[in-house]
Amino acid sequence: MPAPPTRLATAVTFAILTTMAGTLAAAAAKYLSDYVSTGLIVFVQYAVCLITLIPWMRQAGVSGMKTRHLWPHLIRGLSGWLCFYSYFVAVKHIPLVEAALLRNTAPLCVPFIVYFLHRSGFTLAKTIGALTGFAGVILILHPEGTVVSLWHGVGFLSGVTLALSMVYTRELASDEPANRILFYYFVISTVLSAPLAVVGLKPFPLHIVPMLGFVGISIFITMKFYTIAYSAAPTNTLAPFSYFGVIFAGLLGWLFWDQMPDSRSLIGMGIVVAGGVITLLARDKLAQDKSTPAPG
């Protein structure tokens, strides 16, 4: 697919707004995890997102929903769903800022996915950056210096699947309108979430219903902004801005849960951010074009 045009100012603005909306949704999910299952939270979020697309669905009709890229939609939908599910599971068990940082290891994973898909994108500098970042991940995955934390591993899984979602969002954006990308993503994710929501269903207080709705609206806004951002610029250009989410998560975790990462985790976070920035600043023109073949 040919590369869509780059609109940097628009892309950066919406990339930062994406991290803000997504972090608020994660904080709400962490609060809700004391009352309902992660499966129900994820199901409600995608059901709400799908409902918000009804006006577009009525206007577009069946012809507007048809696609020639079913497999990319399936991969993007599955990876985006798994990203949010694993992220919300992680925030239930570990500090919000650590979960956010592990989710934002996506920039470190993007070059590996790009190489697998296009056999391009790696340079010596990128390799050094990726290895540096993963060294930081190892520090975070061993918070006590003994055994790997399962829940930190789940948080890292959200980063891997986010990277896959980034690449396929950019792939689809070259030939698909934003609402069609979101439509397939929300349908696939709602279907995947429904069985888990039913299995984990239990009585819950009515006062959390507005918060469930808030998660859904926040995620819809997140995905709308995310799709606009990654339709306007290459993945490698925008991925560093995802680290703003770590700052937002740290502030929310401190304000509402009095969560402060220990020194080992802080060092690991700094190394991950440094590795991600090195990896992405080291991009070359070929990597820019192919990584997105020129984005959850």
# chains A, B, ... in the order shown; residues from 1 in each chain; ligands from 1

$ residues_around --residues "region 199-203 of chain A" --least-positions-apart "4" --cutoff "10 Å" --atoms "only C-alpha atoms" --output "list of chain:residue names"
A:Tyr35, A:Val36, A:Ser37, A:Thr38, A:Gly39, A:Leu40, A:Ala194, A:Pro195

$ write_last_selection --atoms "C-alpha atoms" --output "PDB file, in the first residue's frame"
ATOM      1  CA  TYR A  35     -15.800  -4.278  41.763  1.00  0.00           C
ATOM      2  CA  VAL A  36     -15.977  -6.081  38.394  1.00  0.00           C
ATOM      3  CA  SER A  37     -13.889  -8.405  36.226  1.00  0.00           C
ATOM      4  CA  THR A  38     -11.472  -7.134  33.615  1.00  0.00           C
ATOM      5  CA  GLY A  39     -13.498  -9.007  31.012  1.00  0.00           C
ATOM      6  CA  LEU A  40     -16.589  -6.936  31.801  1.00  0.00           C
ATOM      7  CA  ALA A 194     -18.217 -11.058  25.369  1.00  0.00           C
ATOM      8  CA  PRO A 195     -17.378 -14.618  26.608  1.00  0.00           C
TER       9      PRO A 195
END

$ residues_around --residues "Phe156 (chain A)" --least-positions-apart "2" --cutoff "12 Å" --atoms "only C-alpha atoms" --output "ChimeraX atom specification"
/A:82-84,86-91,94,98-106,108-109,134,136-138,140-141,148-154,158-163,272

$ residues_around --residues "region 239-256 of chain A" --least-positions-apart "2" --cutoff "10 Å" --atoms "only C-alpha atoms" --output "JSON, numbers by chain"
{"A": [12, 13, 14, 15, 16, 17, 18, 19, 20, 21, 22, 23, 24, 26, 27, 30, 31, 95, 96, 97, 98, 99, 100, 101, 102, 103, 104, 105, 106, 107, 108, 110, 163, 166, 230, 234, 235, 236, 237, 258, 259, 260, 261, 269, 272, 273, 274, 276, 277, 278, 279, 280, 281, 295]}

$ write_last_selection --atoms "C-alpha atoms" --output "short mmCIF file (atom, residue, chain, number, x, y, z; two decimals), in the first residue's frame"
data_model
loop_
_atom_site.label_atom_id
_atom_site.label_comp_id
_atom_site.auth_asym_id
_atom_site.auth_seq_id
_atom_site.Cartn_x
_atom_site.Cartn_y
_atom_site.Cartn_z
CA VAL A 12 1.83 15.13 17.35
CA THR A 13 -1.19 16.91 18.83
CA PHE A 14 -3.42 13.87 18.54
CA ALA A 15 -0.67 11.51 19.72
CA ILE A 16 -0.38 13.46 23.01
CA LEU A 17 -4.17 13.65 23.40
CA THR A 18 -4.27 9.89 22.83
CA THR A 19 -1.96 9.25 25.77
CA MET A 20 -3.99 11.52 28.05
CA ALA A 21 -7.33 9.89 27.23
CA GLY A 22 -5.87 6.38 27.41
CA THR A 23 -4.26 7.01 30.80
CA LEU A 24 -7.52 8.31 32.25
CA ALA A 26 -6.60 2.97 32.59
CA ALA A 27 -6.95 4.79 35.92
CA LYS A 30 -7.90 0.23 37.96
CA TYR A 31 -10.60 1.70 40.21
CA PRO A 95 1.42 0.37 40.04
CA LEU A 96 -0.24 2.32 37.23
CA VAL A 97 2.98 4.03 36.19
CA GLU A 98 4.84 0.70 35.81
CA ALA A 99 2.01 -0.80 33.75
CA ALA A 100 1.96 2.32 31.57
CA LEU A 101 5.71 2.16 31.04
CA LEU A 102 5.61 -1.52 30.09
CA ARG A 103 2.77 -0.83 27.66
CA ASN A 104 4.88 1.91 26.17
CA THR A 105 7.72 -0.45 25.35
CA ALA A 106 5.88 -0.62 22.01
CA PRO A 107 8.46 1.66 20.28
CA LEU A 108 11.14 -0.90 21.13
CA VAL A 110 8.06 -1.80 16.39
CA ALA A 163 3.38 -2.29 18.65
CA MET A 166 0.51 0.53 15.61
CA TYR A 230 -1.10 7.37 12.98
CA PRO A 234 4.76 7.35 10.33
CA THR A 235 4.81 5.09 13.37
CA ASN A 236 8.51 5.71 14.03
CA THR A 237 7.92 9.47 14.17
CA ASP A 258 -0.09 6.84 46.67
CA GLN A 259 1.96 4.60 44.37
CA MET A 260 5.63 5.41 43.93
CA PRO A 261 7.92 3.01 42.03
CA MET A 269 11.98 3.17 33.38
CA VAL A 272 13.46 1.97 28.65
CA VAL A 273 12.68 5.57 27.69
CA ALA A 274 16.29 6.17 26.64
CA GLY A 276 13.02 3.90 22.91
CA VAL A 277 14.21 7.39 22.01
CA ILE A 278 17.50 6.05 20.61
CA THR A 279 15.64 3.46 18.55
CA LEU A 280 13.25 5.98 17.05
CA LEU A 281 15.66 8.86 16.48
CA PRO A 295 -0.85 2.48 15.33
#

$ select_by_dssp --residues "region 213-249 of chain A" --states "alpha helix (DSSP H)" --output "JSON, numbers by chain"
{"A": [213, 214, 215, 216, 217, 218, 219, 220, 221, 222, 223, 224, 225, 226, 227, 228, 229, 230, 231, 232, 235, 236, 237, 238, 244, 245, 246, 247, 248, 249]}

$ closest_residue --among "A:Ala178, A:Ile51, A:Leu172, A:Met223" --to "His69 (chain A)" --atoms "only C-alpha atoms"
A:Leu172

$ closest_residue --among "A:Phe204, A:Arg180, A:Tyr46, A:Ala29" --to "Gly61 (chain A)" --atoms "only C-alpha atoms"
A:Arg180

$ closest_residue --among "A:Leu164, A:Phe214, A:Ile181, A:Val209" --to "Val114 (chain A)" --atoms "only C-alpha atoms"
A:Leu164

$ atom_distance --atom1 "CA of Trp56 (chain A)" --atom2 "CA of Leu196 (chain A)"
27.8 Å

$ atom_distance --atom1 "CA of Ser165 (chain A)" --atom2 "CA of Gly216 (chain A)"
18.9 Å

$ atom_distance --atom1 "CA of Ile271 (chain A)" --atom2 "CA of Ala135 (chain A)"
7.2 Å

$ closest_residue --among "A:Ala11, A:Pro72, A:Met57, A:Pro210" --to "Phe225 (chain A)" --atoms "only C-alpha atoms"
A:Ala11
